[in-house]
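File shown: coords_7.cif (mmCIF, C-alpha atoms).
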```cif
data_input
#
loop_
_atom_site.label_atom_id
_atom_site.label_comp_id
_atom_site.auth_asym_id
_atom_site.auth_seq_id
_atom_site.Cartn_x
_atom_site.Cartn_y
_atom_site.Cartn_z
CA MET L 649 123.58 45.52 15.45
CA GLU L 650 124.57 43.31 12.53
CA ARG L 651 127.43 45.55 11.52
CA HIS L 652 128.55 45.62 15.13
CA LEU L 653 128.75 41.84 15.21
CA ASP L 654 130.73 41.70 11.98
CA GLN L 655 133.21 44.21 13.36
CA ASP L 656 133.58 42.22 16.57
CA LEU L 657 134.11 38.97 14.67
CA ASP L 658 136.68 40.68 12.49
CA ARG L 659 138.55 41.91 15.52
CA ILE L 660 138.67 38.34 16.82
CA ARG L 661 139.95 37.08 13.50
CA GLN L 662 142.74 39.69 13.62
CA LEU L 663 143.68 38.74 17.20
CA LEU L 664 143.85 35.06 16.29
CA LEU L 665 146.01 35.73 13.26
CA ARG L 666 148.37 37.91 15.28
CA MET L 667 148.69 35.11 17.82
CA GLY L 668 149.21 32.56 15.02
CA ALA L 669 151.99 34.67 13.49
CA ILE L 670 153.82 34.94 16.82
CA VAL L 671 153.54 31.20 17.47
CA GLU L 672 154.74 30.38 13.95
CA ASP L 673 157.79 32.58 14.52
CA MET L 674 158.44 30.99 17.90
CA ILE L 675 158.46 27.50 16.38
CA GLY L 676 160.75 28.57 13.54
CA ASP L 677 163.10 30.40 15.87
CA SER L 678 163.34 27.53 18.36
CA LEU L 679 164.60 25.17 15.65
CA GLN L 680 166.84 27.77 14.07
CA ALA L 681 168.34 28.31 17.52
CA LEU L 682 169.20 24.60 17.49
CA PHE L 683 170.58 24.37 13.97
CA GLU L 684 172.65 27.59 14.31
CA ARG L 685 173.52 26.98 17.98
CA ASP L 686 172.10 30.42 18.77
CA SER L 687 171.15 30.51 22.46
CA ASN L 688 170.04 34.15 22.32
CA ARG L 689 167.40 33.20 19.82
CA ALA L 690 166.21 30.36 22.08
CA GLN L 691 166.01 32.82 24.98
CA GLY L 692 163.94 35.15 22.82
CA VAL L 693 161.39 32.41 22.18
CA ILE L 694 161.01 31.78 25.90
CA GLU L 695 160.39 35.47 26.52
CA ARG L 696 157.81 35.84 23.76
CA ASP L 697 155.56 33.23 25.37
CA ARG L 698 154.08 35.93 27.65
CA GLN L 699 152.60 37.68 24.63
CA VAL L 700 150.93 34.45 23.55
CA ASP L 701 149.50 33.86 27.02
CA GLU L 702 148.16 37.42 27.05
CA LEU L 703 146.56 37.06 23.62
CA GLU L 704 144.97 33.76 24.70
CA LYS L 705 143.18 35.56 27.53
CA GLN L 706 142.15 38.52 25.36
CA LEU L 707 140.71 36.19 22.73
CA ASP L 708 138.68 34.16 25.20
CA GLN L 709 137.32 37.33 26.77
CA ALA L 710 136.38 38.75 23.39
CA CYS L 711 134.64 35.51 22.36
CA GLY L 712 132.78 35.31 25.67
CA ALA L 713 131.62 38.92 25.33
CA ILE L 714 130.25 38.31 21.83
CA LEU L 715 128.46 35.12 22.89
CA ALA L 716 126.86 37.01 25.76
CA THR L 717 125.84 40.16 23.90
CA HIS L 718 125.10 39.13 20.30
CA GLN L 719 123.93 35.54 20.82
CA PRO L 720 125.20 34.58 17.37
CA ALA L 721 123.85 31.57 15.49
CA ALA L 722 124.88 29.14 12.73
CA VAL L 723 128.18 29.96 11.05
CA ASP L 724 129.00 32.85 13.42
CA LEU L 725 128.51 30.55 16.40
CA ARG L 726 130.64 27.85 14.82
CA PHE L 727 133.28 30.48 14.09
CA LEU L 728 133.43 31.48 17.77
CA VAL L 729 133.52 27.89 19.00
CA ALA L 730 136.29 27.12 16.49
CA VAL L 731 138.28 30.21 17.57
CA MET L 732 138.05 29.23 21.24
CA ARG L 733 139.42 25.78 20.40
CA ILE L 734 142.12 27.06 18.03
CA ASN L 735 143.14 29.50 20.74
CA VAL L 736 143.97 26.60 23.08
CA ASP L 737 145.97 24.80 20.41
CA LEU L 738 147.98 27.90 19.51
CA GLU L 739 148.82 28.54 23.14
CA ARG L 740 150.04 24.95 23.55
CA MET L 741 152.10 25.22 20.37
CA GLY L 742 153.76 28.23 22.00
CA ASP L 743 154.46 26.09 25.08
CA ALA L 744 155.98 23.41 22.86
CA ALA L 745 158.27 26.01 21.23
CA VAL L 746 159.35 27.08 24.74
CA SER L 747 160.03 23.47 25.66
CA ILE L 748 162.15 23.05 22.51
CA SER L 749 164.05 26.24 23.34
CA ARG L 750 164.83 25.01 26.86
CA SER L 751 166.31 21.82 25.41
CA VAL L 752 168.27 23.91 22.91
CA LEU L 753 169.82 25.96 25.72
CA ASP L 754 171.06 22.68 27.24
CA LEU L 755 172.17 21.23 23.91
CA ASN L 756 174.18 24.33 23.04
CA GLN L 757 176.35 23.78 26.12
CA GLU L 758 177.88 20.69 24.52
CA ALA L 759 179.31 19.73 21.13
CA GLN L 760 176.77 18.88 18.46
CA LEU L 761 175.92 15.17 18.64
CA LYS L 762 175.72 14.64 14.90
CA PRO L 763 174.82 16.50 11.71
CA TYR L 764 171.09 17.14 11.73
CA ILE L 765 169.41 15.59 8.70
CA ASP L 766 165.99 14.25 9.66
CA LEU L 767 165.25 16.97 12.20
CA PRO L 768 165.27 19.79 9.61
CA ARG L 769 162.95 17.66 7.46
CA LEU L 770 160.60 17.16 10.40
CA ASP L 771 160.78 20.88 11.18
CA GLU L 772 159.90 21.76 7.60
CA LEU L 773 156.95 19.36 7.45
CA VAL L 774 155.55 20.55 10.77
CA ARG L 775 155.89 24.24 10.02
CA LYS L 776 154.16 23.76 6.69
CA MET L 777 151.28 22.08 8.55
CA VAL L 778 151.03 25.02 10.96
CA ARG L 779 151.12 27.56 8.14
CA ASP L 780 148.56 25.65 6.06
CA ALA L 781 146.25 25.18 9.06
CA LEU L 782 146.19 28.95 9.64
CA THR L 783 145.76 29.65 5.93
CA SER L 784 142.86 27.18 5.75
CA PHE L 785 141.21 29.18 8.53
CA VAL L 786 141.72 32.54 6.78
CA GLU L 787 140.56 31.22 3.40
CA ARG L 788 137.88 28.90 4.85
CA SER L 789 139.45 26.18 2.73
CA VAL L 790 138.23 22.71 3.68
CA GLU L 791 140.48 21.23 1.01
CA LEU L 792 143.61 22.70 2.58
CA ALA L 793 142.45 21.73 6.08
CA VAL L 794 141.98 18.11 4.99
CA ALA L 795 145.47 18.16 3.46
CA VAL L 796 146.86 19.22 6.86
CA CYS L 797 145.13 16.28 8.56
CA ARG L 798 146.56 13.88 6.00
CA ALA L 799 150.11 15.20 6.43
CA ASP L 800 150.10 14.20 10.10
CA SER L 801 150.89 10.52 9.42
CA ARG L 802 154.11 11.49 7.59
CA VAL L 803 155.17 13.44 10.66
CA ASP L 804 154.44 10.42 12.86
CA ASP L 805 156.55 8.17 10.59
CA LEU L 806 159.49 10.58 10.59
CA TYR L 807 159.26 10.99 14.36
CA ARG L 808 159.37 7.23 14.90
CA GLN L 809 162.38 6.95 12.60
CA LEU L 810 164.21 9.69 14.51
CA PHE L 811 163.29 8.04 17.78
CA ARG L 812 164.87 4.73 16.77
CA GLU L 813 167.98 6.40 15.41
CA LEU L 814 168.61 8.51 18.51
CA LEU L 815 167.96 5.53 20.75
CA SER L 816 170.63 3.48 18.96
CA TYR L 817 173.10 6.37 19.35
CA MET L 818 172.41 6.46 23.09
CA ILE L 819 172.79 2.71 23.48
CA GLU L 820 176.02 2.62 21.49
CA ASP L 821 177.68 5.46 23.32
CA PRO L 822 176.36 6.48 26.76
CA LYS L 823 178.23 9.78 26.50
CA THR L 824 175.58 10.82 23.99
CA THR L 825 172.63 9.93 26.24
CA THR L 826 171.86 13.41 27.58
CA ARG L 827 172.09 15.05 24.17
CA GLY L 828 170.19 12.21 22.51
CA LEU L 829 167.43 12.57 25.04
CA HIS L 830 167.14 16.33 24.51
CA LEU L 831 166.99 15.85 20.74
CA LEU L 832 164.34 13.23 21.27
CA LEU L 833 162.27 15.65 23.33
CA VAL L 834 162.68 18.29 20.61
CA ALA L 835 161.37 15.80 18.03
CA ARG L 836 158.49 14.88 20.30
CA SER L 837 157.54 18.54 20.76
CA LEU L 838 157.51 18.97 16.99
CA GLU L 839 155.30 15.91 16.67
CA ARG L 840 152.92 17.47 19.20
CA ILE L 841 152.88 20.76 17.32
CA ALA L 842 151.77 18.77 14.28
CA ASP L 843 148.95 17.28 16.37
CA HIS L 844 147.83 20.78 17.35
CA ALA L 845 147.94 21.88 13.69
CA THR L 846 145.74 18.87 12.89
CA ASN L 847 143.31 19.93 15.62
CA ILE L 848 143.15 23.43 14.10
CA ALA L 849 142.46 21.97 10.66
CA GLU L 850 139.65 19.85 12.11
CA ASP L 851 138.19 22.98 13.72
CA VAL L 852 138.29 24.76 10.36
CA VAL L 853 136.21 21.98 8.75
CA PHE L 854 133.75 22.24 11.64
CA TYR L 855 133.58 26.02 11.26
CA VAL L 856 133.08 26.01 7.48
CA GLU L 857 130.88 22.94 7.02
CA GLY L 858 129.59 22.07 10.49
CA ARG L 859 131.09 18.57 10.19
CA ASP L 860 133.04 16.94 13.00
CA ILE L 861 135.90 14.96 11.40
CA ARG L 862 137.75 14.11 14.62
CA HIS L 863 138.53 10.46 15.38
CA LEU L 864 137.25 9.05 12.10
CA ASP L 865 138.28 5.51 11.24
CA ASP L 866 140.98 5.20 8.60
CA ASP L 867 138.51 3.97 6.01
CA GLU L 868 136.01 6.81 6.51
CA PRO L 869 136.41 9.73 4.10
CA LEU L 870 137.71 12.95 5.69
CA MET S 868 111.89 26.97 28.17
CA GLU S 869 113.81 27.53 31.38
CA ARG S 870 113.22 24.01 32.62
CA HIS S 871 114.25 22.69 29.25
CA LEU S 872 117.59 24.49 29.51
CA ASP S 873 118.21 23.14 32.99
CA GLN S 874 117.56 19.61 31.78
CA ASP S 875 119.92 20.07 28.84
CA LEU S 876 122.64 21.48 31.08
CA ASP S 877 122.20 18.59 33.47
CA ARG S 878 122.54 16.10 30.65
CA ILE S 879 125.82 17.75 29.69
CA ARG S 880 127.04 17.59 33.28
CA GLN S 881 126.28 13.85 33.35
CA LEU S 882 128.08 13.26 30.05
CA LEU S 883 131.15 15.12 31.27
CA LEU S 884 131.23 13.18 34.53
CA ARG S 885 130.88 9.87 32.72
CA MET S 886 133.79 10.85 30.50
CA GLY S 887 135.79 11.96 33.55
CA ALA S 888 135.19 8.62 35.29
CA ILE S 889 136.39 6.65 32.25
CA VAL S 890 139.51 8.79 31.89
CA GLU S 891 140.31 8.49 35.61
CA ASP S 892 140.07 4.70 35.33
CA MET S 893 142.24 4.70 32.22
CA ILE S 894 144.98 6.63 34.01
CA GLY S 895 144.81 4.39 37.08
CA ASP S 896 144.80 1.22 34.96
CA SER S 897 147.72 2.31 32.80
CA LEU S 898 149.96 2.70 35.86
CA GLN S 899 148.65 -0.44 37.53
CA ALA S 900 149.47 -2.29 34.30
CA LEU S 901 153.05 -1.06 34.76
CA PHE S 902 153.41 -1.83 38.46
CA GLU S 903 151.79 -5.28 38.16
CA ARG S 904 153.29 -6.04 34.73
CA ASP S 905 149.77 -6.68 33.44
CA SER S 906 149.77 -6.22 29.66
CA ASN S 907 146.10 -7.17 29.31
CA ARG S 908 145.20 -4.22 31.47
CA ALA S 909 147.33 -1.93 29.29
CA GLN S 910 145.59 -3.27 26.21
CA GLY S 911 142.22 -2.55 27.83
CA VAL S 912 143.17 1.10 28.31
CA ILE S 913 144.08 1.44 24.64
CA GLU S 914 140.72 -0.01 23.62
CA ARG S 915 138.69 2.21 25.94
CA ASP S 916 140.00 5.36 24.22
CA ARG S 917 137.31 5.02 21.53
CA GLN S 918 134.62 5.62 24.14
CA VAL S 919 136.33 8.81 25.22
CA ASP S 920 136.64 10.04 21.65
CA GLU S 921 132.95 9.31 21.10
CA LEU S 922 131.93 11.16 24.28
CA GLU S 923 134.08 14.14 23.25
CA LYS S 924 132.07 14.49 20.04
CA GLN S 925 128.73 14.00 21.78
CA LEU S 926 129.57 16.66 24.35
CA ASP S 927 130.64 19.24 21.79
CA GLN S 928 127.50 18.60 19.77
CA ALA S 929 125.30 18.94 22.84
CA CYS S 930 127.02 22.21 23.87
CA GLY S 931 126.73 23.60 20.36
CA ALA S 932 123.03 22.73 20.21
CA ILE S 933 122.34 24.50 23.50
CA LEU S 934 124.29 27.60 22.47
CA ALA S 935 122.32 27.74 19.23
CA THR S 936 118.83 27.12 20.65
CA HIS S 937 118.83 28.57 24.18
CA GLN S 938 121.34 31.41 23.80
CA PRO S 939 122.27 31.11 27.48
CA ALA S 940 123.88 33.99 29.38
CA ALA S 941 126.02 34.62 32.45
CA VAL S 942 126.77 31.53 34.52
CA ASP S 943 125.08 29.12 32.06
CA LEU S 944 127.21 30.48 29.25
CA ARG S 945 130.35 30.22 31.37
CA PHE S 946 129.36 26.66 32.26
CA LEU S 947 129.14 25.71 28.58
CA VAL S 948 132.40 27.41 27.67
CA ALA S 949 134.10 25.65 30.62
CA VAL S 950 132.64 22.27 29.60
CA MET S 951 133.89 22.67 26.03
CA ARG S 952 137.39 23.37 27.35
CA ILE S 953 137.33 20.61 29.98
CA ASN S 954 136.19 18.24 27.26
CA VAL S 955 139.40 18.86 25.31
CA ASP S 956 141.54 18.32 28.40
CA LEU S 957 139.81 15.08 29.33
CA GLU S 958 140.22 13.72 25.82
CA ARG S 959 143.95 14.51 25.92
CA MET S 960 144.30 12.89 29.33
CA GLY S 961 142.82 9.77 27.71
CA ASP S 962 145.44 10.03 24.96
CA ALA S 963 148.16 10.32 27.62
CA ALA S 964 146.88 7.15 29.33
CA VAL S 965 147.03 5.38 25.95
CA SER S 966 150.57 6.62 25.44
CA ILE S 967 151.54 5.31 28.90
CA SER S 968 149.92 1.96 28.11
CA ARG S 969 151.88 1.66 24.85
CA SER S 970 155.13 2.18 26.79
CA VAL S 971 153.97 -0.37 29.36
CA LEU S 972 153.45 -2.99 26.64
CA ASP S 973 157.09 -2.47 25.60
CA LEU S 974 158.39 -2.36 29.18
CA ASN S 975 156.63 -5.62 30.07
CA GLN S 976 158.66 -7.43 27.40
CA GLU S 977 161.83 -6.96 29.47
CA ALA S 978 162.86 -7.42 33.09
CA GLN S 979 161.87 -4.60 35.43
CA LEU S 980 164.62 -1.94 35.42
CA LYS S 981 164.43 -1.19 39.13
CA PRO S 982 161.91 -1.13 41.98
CA TYR S 983 159.49 1.70 41.35
CA ILE S 984 159.50 4.20 44.20
CA ASP S 985 159.04 7.73 42.86
CA LEU S 986 156.74 6.72 40.02
CA PRO S 987 153.97 5.44 42.35
CA ARG S 988 154.27 8.71 44.30
CA LEU S 989 153.97 10.72 41.09
CA ASP S 990 151.02 8.56 40.04
CA GLU S 991 149.27 9.15 43.36
CA LEU S 992 149.80 12.93 43.27
CA VAL S 993 148.58 13.21 39.69
CA ARG S 994 145.51 11.05 40.18
CA LYS S 995 144.54 13.08 43.24
CA MET S 996 144.78 16.23 41.11
CA VAL S 997 142.52 14.70 38.46
CA ARG S 998 139.98 13.54 41.03
CA ASP S 999 140.00 16.89 42.84
CA ALA S 1000 139.68 18.84 39.60
CA LEU S 1001 136.55 16.86 38.69
CA THR S 1002 135.17 17.18 42.23
CA SER S 1003 135.78 20.95 42.19
CA PHE S 1004 133.66 21.08 39.04
CA VAL S 1005 130.82 19.04 40.54
CA GLU S 1006 130.84 21.00 43.81
CA ARG S 1007 131.64 24.36 42.18
CA SER S 1008 134.45 24.61 44.72
CA VAL S 1009 136.91 27.38 43.90
CA GLU S 1010 138.90 26.47 47.00
CA LEU S 1011 139.49 22.91 45.81
CA ALA S 1012 140.23 24.12 42.27
CA VAL S 1013 142.90 26.50 43.56
CA ALA S 1014 144.42 23.62 45.60
CA VAL S 1015 144.72 21.62 42.37
CA CYS S 1016 146.59 24.48 40.68
CA ARG S 1017 148.96 24.73 43.62
CA ALA S 1018 149.70 20.97 43.61
CA ASP S 1019 151.10 21.21 40.09
CA SER S 1020 154.50 22.50 41.19
CA ARG S 1021 155.06 19.41 43.39
CA VAL S 1022 154.39 17.24 40.35
CA ASP S 1023 156.92 19.25 38.35
CA ASP S 1024 159.55 18.81 41.08
CA LEU S 1025 158.98 15.08 41.31
CA TYR S 1026 159.09 14.74 37.53
CA ARG S 1027 162.42 16.57 37.33
CA GLN S 1028 163.84 14.33 40.07
CA LEU S 1029 162.72 11.20 38.22
CA PHE S 1030 164.15 12.56 34.99
CA ARG S 1031 167.61 13.05 36.52
CA GLU S 1032 167.56 9.64 38.19
CA LEU S 1033 166.55 7.76 35.04
CA LEU S 1034 169.08 9.67 33.00
CA SER S 1035 171.91 8.61 35.32
CA TYR S 1036 170.79 4.97 35.05
CA MET S 1037 170.89 5.21 31.29
CA ILE S 1038 174.33 6.81 31.25
CA GLU S 1039 175.77 4.28 33.70
CA ASP S 1040 174.46 1.23 31.90
CA PRO S 1041 173.43 1.55 28.24
CA LYS S 1042 171.55 -1.77 28.50
CA THR S 1043 168.95 0.18 30.49
CA THR S 1044 168.55 2.95 27.91
CA THR S 1045 165.41 1.67 26.16
CA ARG S 1046 163.63 0.90 29.42
CA GLY S 1047 164.82 4.14 31.02
CA LEU S 1048 163.49 6.08 28.08
CA HIS S 1049 160.09 4.41 28.24
CA LEU S 1050 159.85 5.11 31.97
CA LEU S 1051 160.80 8.68 31.27
CA LEU S 1052 158.01 9.00 28.72
CA VAL S 1053 155.58 7.50 31.25
CA ALA S 1054 156.63 10.14 33.80
CA ARG S 1055 156.28 12.87 31.20
CA SER S 1056 152.78 11.73 30.31
CA LEU S 1057 151.84 11.85 33.98
CA GLU S 1058 153.26 15.34 34.22
CA ARG S 1059 151.11 16.36 31.24
CA ILE S 1060 148.02 14.82 32.80
CA ALA S 1061 148.69 17.05 35.81
CA ASP S 1062 148.84 20.05 33.45
CA HIS S 1063 145.45 19.08 32.04
CA ALA S 1064 144.04 18.73 35.57
CA THR S 1065 145.34 22.25 36.27
CA ASN S 1066 143.62 23.52 33.12
CA ILE S 1067 140.36 21.97 34.30
CA ALA S 1068 140.72 23.60 37.72
CA GLU S 1069 141.31 26.97 36.04
CA ASP S 1070 138.17 26.44 33.98
CA VAL S 1071 136.20 25.72 37.16
CA VAL S 1072 137.27 29.06 38.66
CA PHE S 1073 136.24 30.77 35.43
CA TYR S 1074 132.89 28.99 35.45
CA VAL S 1075 132.08 29.72 39.11
CA GLU S 1076 133.51 33.23 39.50
CA GLY S 1077 134.09 34.49 35.97
CA ARG S 1078 137.77 35.07 36.77
CA ASP S 1079 140.58 34.03 34.42
CA ILE S 1080 143.46 32.76 36.59
CA ARG S 1081 145.61 31.37 33.77
CA HIS S 1082 149.19 32.55 33.43
CA LEU S 1083 149.27 34.66 36.59
CA ASP S 1084 152.66 35.73 37.90
CA ASP S 1085 153.92 33.82 40.93
CA ASP S 1086 153.30 36.77 43.24
CA GLU S 1087 149.71 37.34 42.14
CA PRO S 1088 147.08 35.69 44.32
CA LEU S 1089 145.22 32.77 42.70
#
```

Write out the structure in this file as structure tokens.
Amino acid sequence: MERHLDQDLDRIRQLLLRMGAIVEDMIGDSLQALFERDSNRAQGVIERDRQVDELEKQLDQACGAILATHQPAAVDLRFLVAVMRINVDLERMGDAAVSISRSVLDLNQEAQLKPYIDLPRLDELVRKMVRDALTSFVERSVELAVAVCRADSRVDDLYRQLFRELLSYMIEDPKTTTRGLHLLLVARSLERIADHATNIAEDVVFYVEGRDIRHLDDDEPL
Amino acid sequence: MERHLDQDLDRIRQLLLRMGAIVEDMIGDSLQALFERDSNRAQGVIERDRQVDELEKQLDQACGAILATHQPAAVDLRFLVAVMRINVDLERMGDAAVSISRSVLDLNQEAQLKPYIDLPRLDELVRKMVRDALTSFVERSVELAVAVCRADSRVDDLYRQLFRELLSYMIEDPKTTTRGLHLLLVARSLERIADHATNIAEDVVFYVEGRDIRHLDDDEPL
């Protein structure tokens, strides 16, 4: 029975990592499609979302089946609860990548508004958070998970800076409004992906240590 | 033991409904703060978010404790899994209401851009979805839950219409850009709240019937 449970948990871990890898690629591709004005790549992201949706269902079914048959306790139970939460965040990251890709398809119809400088920096920060959040899960590293949570405020700062800059473009020259707005929505989607990565990192701390570090005050230690 | 479990499940139901009532009020207040230019009300929404965050933690702890001690099966297990998912959606609806309220605080600093016509309609549609989603949970009504899922496409249509209209305002008169953008973000937050209500309705179907109706094709029956 024990070995059975371990095998089942391992299968779930593999499913989650496969889903994480697809979502990571979707995020990377959606931004690359913007920077290289590659609409085919954006289209590819939109199509891959089905796989993510399918994996989300498979994972929830597998977790439900284990809960019902093995009635796991302690760390195994926390693992399953964490996986069910991470599953939701990964699926919504996939949705955000689709949303970015839709904006990219529109943006690629017109000339580039301006050289992209802050957006690649935001992209890099956010993708590092996603990668680190998944690695913290694989390695059960609370230290890395806490680092992901801390990185989120830098993403928020960069997003606000981009927001102000794009807004001033739009006000100065109304011809840029549609493009400015799409770029703004791209930045906002990235900022949301960072929030989901933070959620995943919080779930990892819960899984490894049983501590709930969500919504702590700024002066409480993570 | 059995009676104990029933009591624990009932306590969780009460907690979830209390959280749902607070979030519903927050959404209603955030829009009323816009329509009546009432910044105090917007500030009140922002402050109430702490309660929601606190309830989210309490609920997850309570669900985890029941899973660990009672090892529930079948419908009780599905109930707990559904509650843990609904919990996440309610908390994010609360965040969306806070985000709306922040925009309202900015919007109330300037003259009203235009009479609000579509936004109150969107608000009404979305709040009905939220209310119905919570009612479908209380009454275990699959019929009502499916109606919530179906309403989502009307919200999407109305959101797209608002998006186009606000965009044309901004292009025509750049002085309206900042306000137009904030209104657009308000509409987008409402659209996301509708997505969360849809998620809750899907969880209700899963809880009552054990069916997973997420990501079905348009021609598959709900």

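Distances from L:Leu657, L:Arg696, L:Pro720, L:Ile848 to Thr783 of chain L were compared using all atoms listed in the file, and the smallest one belongs to L:Ile848.
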
Please write the residues picked by the PyMOL selection byres ((chain S and resi 899-909) around 8) on this file as a PDB file with C-alpha atoms, in the frame of the given file.
```pdb
ATOM      1  CA  GLY S 895     144.810   4.390  37.080  1.00  0.00           C
ATOM      2  CA  ASP S 896     144.800   1.220  34.960  1.00  0.00           C
ATOM      3  CA  SER S 897     147.720   2.310  32.800  1.00  0.00           C
ATOM      4  CA  LEU S 898     149.960   2.700  35.860  1.00  0.00           C
ATOM      5  CA  GLN S 910     145.590  -3.270  26.210  1.00  0.00           C
ATOM      6  CA  GLY S 911     142.220  -2.550  27.830  1.00  0.00           C
ATOM      7  CA  VAL S 912     143.170   1.100  28.310  1.00  0.00           C
ATOM      8  CA  ILE S 913     144.080   1.440  24.640  1.00  0.00           C
ATOM      9  CA  SER S 968     149.920   1.960  28.110  1.00  0.00           C
ATOM     10  CA  ARG S 969     151.880   1.660  24.850  1.00  0.00           C
ATOM     11  CA  VAL S 971     153.970  -0.370  29.360  1.00  0.00           C
ATOM     12  CA  LEU S 972     153.450  -2.990  26.640  1.00  0.00           C
ATOM     13  CA  LEU S 974     158.390  -2.360  29.180  1.00  0.00           C
ATOM     14  CA  ASN S 975     156.630  -5.620  30.070  1.00  0.00           C
ATOM     15  CA  TYR S 983     159.490   1.700  41.350  1.00  0.00           C
TER      16      TYR S 983
END
```

7 Å contact set for segment 921-924 of chain S, only C-alpha atoms, chain neighbours under 6 positions out, as a short mmCIF file (atom, residue, chain, number, x, y, z; two decimals) with C-alpha atoms, in the frame of the given file:
```
data_model
loop_
_atom_site.label_atom_id
_atom_site.label_comp_id
_atom_site.auth_asym_id
_atom_site.auth_seq_id
_atom_site.Cartn_x
_atom_site.Cartn_y
_atom_site.Cartn_z
CA MET S 886 133.79 10.85 30.50
CA ASN S 954 136.19 18.24 27.26
CA GLU S 958 140.22 13.72 25.82
#
```

Next on the checklist: Which residues are close to Val834 of chain L, i.e. within 8 Å by all atoms listed in the file, leaving aside same-chain residues fewer than 5 positions away? Reply as a PyMOL selection string.
Outcome noted: chain L and resi 747-748+751

Selection to disk with C-alpha atoms, as an mmCIF file, in the frame of the given file:
```
data_model
loop_
_atom_site.group_PDB
_atom_site.id
_atom_site.type_symbol
_atom_site.label_atom_id
_atom_site.label_comp_id
_atom_site.auth_asym_id
_atom_site.auth_seq_id
_atom_site.Cartn_x
_atom_site.Cartn_y
_atom_site.Cartn_z
ATOM 1 C CA SER L 747 160.030 23.470 25.660
ATOM 2 C CA ILE L 748 162.150 23.050 22.510
ATOM 3 C CA SER L 751 166.310 21.820 25.410
#
```

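For the pair atom CA of Gln757 of chain L and atom CA of Ser1035 of chain S, the separation is 18.3 Å.
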
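Closest to His1063 of chain S among S:Arg952, S:Gln979, S:Val942, S:Ser1008 is S:Arg952, based on only C-alpha atoms.
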
Report the closest atom pair, with its distance in Å rounded to one decimal, for each residue of chain S that has an atom no farther than 9 Å from chain L; count only C-alpha atoms, sort by chain and then rising residue number, and write it as a tab-separated table.
```
residue	atom	partner	partner_atom	distance
S:Arg917	CA	L:His863	CA	8.3
S:Asp920	CA	L:His863	CA	6.6
S:Glu921	CA	L:His863	CA	8.1
S:Lys924	CA	L:Asp860	CA	7.5
S:Gln928	CA	L:Asp860	CA	8.9
S:Gly931	CA	L:Arg726	CA	8.0
S:Leu934	CA	L:Leu725	CA	8.0
S:Ala935	CA	L:Ala721	CA	5.6
S:Thr936	CA	L:Ala721	CA	8.5
S:Gln938	CA	L:Gln719	CA	5.7
S:Pro939	CA	L:Ala716	CA	7.7
S:Ala940	CA	L:Ala716	CA	5.6
S:Ala941	CA	L:Ala716	CA	7.2
S:Leu944	CA	L:Ala716	CA	7.4
S:Arg945	CA	L:Gly712	CA	8.0
S:Val948	CA	L:Gly712	CA	8.2
S:Met951	CA	L:Arg733	CA	8.5
S:Arg952	CA	L:Arg733	CA	7.6
S:Val955	CA	L:Arg733	CA	8.5
S:Leu1034	CA	L:Thr826	CA	7.1
S:Met1037	CA	L:Thr825	CA	7.1
S:Ile1038	CA	L:Pro822	CA	4.9
S:Glu1039	CA	L:Pro822	CA	7.3
S:Asp1040	CA	L:Pro822	CA	7.6
S:Pro1041	CA	L:Ile819	CA	4.9
S:Lys1042	CA	L:Ile819	CA	6.8
S:Thr1043	CA	L:Ile819	CA	8.4
S:Thr1044	CA	L:Ile819	CA	6.1
S:Thr1045	CA	L:Leu815	CA	7.1
S:Leu1048	CA	L:Leu829	CA	8.2
S:Asp1079	CA	L:Lys705	CA	7.5
S:Arg1081	CA	L:Lys705	CA	7.9
S:His1082	CA	L:Asp701	CA	6.5
```

Checklist entry - Quick one, how far is atom CA of Ile1060 of chain S from atom CA of His830 of chain L? => result 20.9 Å

Item to check | Test item: residues at most 10 Å from Lys981 of chain S, all atoms listed in the file, excluding those fewer than 5 positions along its chain, as a PyMOL selection string | outcome: chain S and resi 1036+1043+1046-1047

Checklist entry - Any idea what the distance is between atom CA of Ile660 of chain L and atom CA of Ala710 of chain L? => result 7.0 Å

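Among S:Leu989, S:Val1022, S:Ala1068, S:Ala1014, the residue with the shortest atom-to-atom distance to Asp956 of chain S, counting only C-alpha atoms, is S:Ala1068.
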
Listed atoms of segment 727-741 of chain L boxed along x, y and z, 4 Å each side, centre and edge lengths in Å, one decimal, as lines of an AutoDock Vina configuration file:
```
center_x = 142.7
center_y = 28.1
center_z = 18.8
size_x = 26.8
size_y = 14.7
size_z = 17.5
```

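Residue nearest Asp658 of chain L within the list L:Leu761, L:Leu707, L:Ala793, L:Leu767: L:Leu707 [criterion: smallest interatomic distance, all atoms listed in the file].
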
I want to know what sits within 9 Å of Leu773 of chain L, based on only C-alpha atoms, with residues of the same chain fewer than 5 positions away left out; could you give that as a JSON list (two decimals) with C-alpha atoms, keeping the file's coordinate frame?
```json
[["chain", "number", "residue", "atom", "x", "y", "z"],
["L", 768, "PRO", "CA", 165.27, 19.79, 9.61],
["L", 778, "VAL", "CA", 151.03, 25.02, 10.96],
["L", 799, "ALA", "CA", 150.11, 15.20, 6.43],
["L", 800, "ASP", "CA", 150.10, 14.20, 10.10],
["L", 802, "ARG", "CA", 154.11, 11.49, 7.59],
["L", 803, "VAL", "CA", 155.17, 13.44, 10.66],
["L", 842, "ALA", "CA", 151.77, 18.77, 14.28]]
```

Next on the checklist: Under the rule that only C-alpha atoms are counted, which of S:Val965, S:Cys1016, S:Leu1089, S:Val1075 is the nearest residue to Met893 of chain S?
Outcome noted: S:Val965
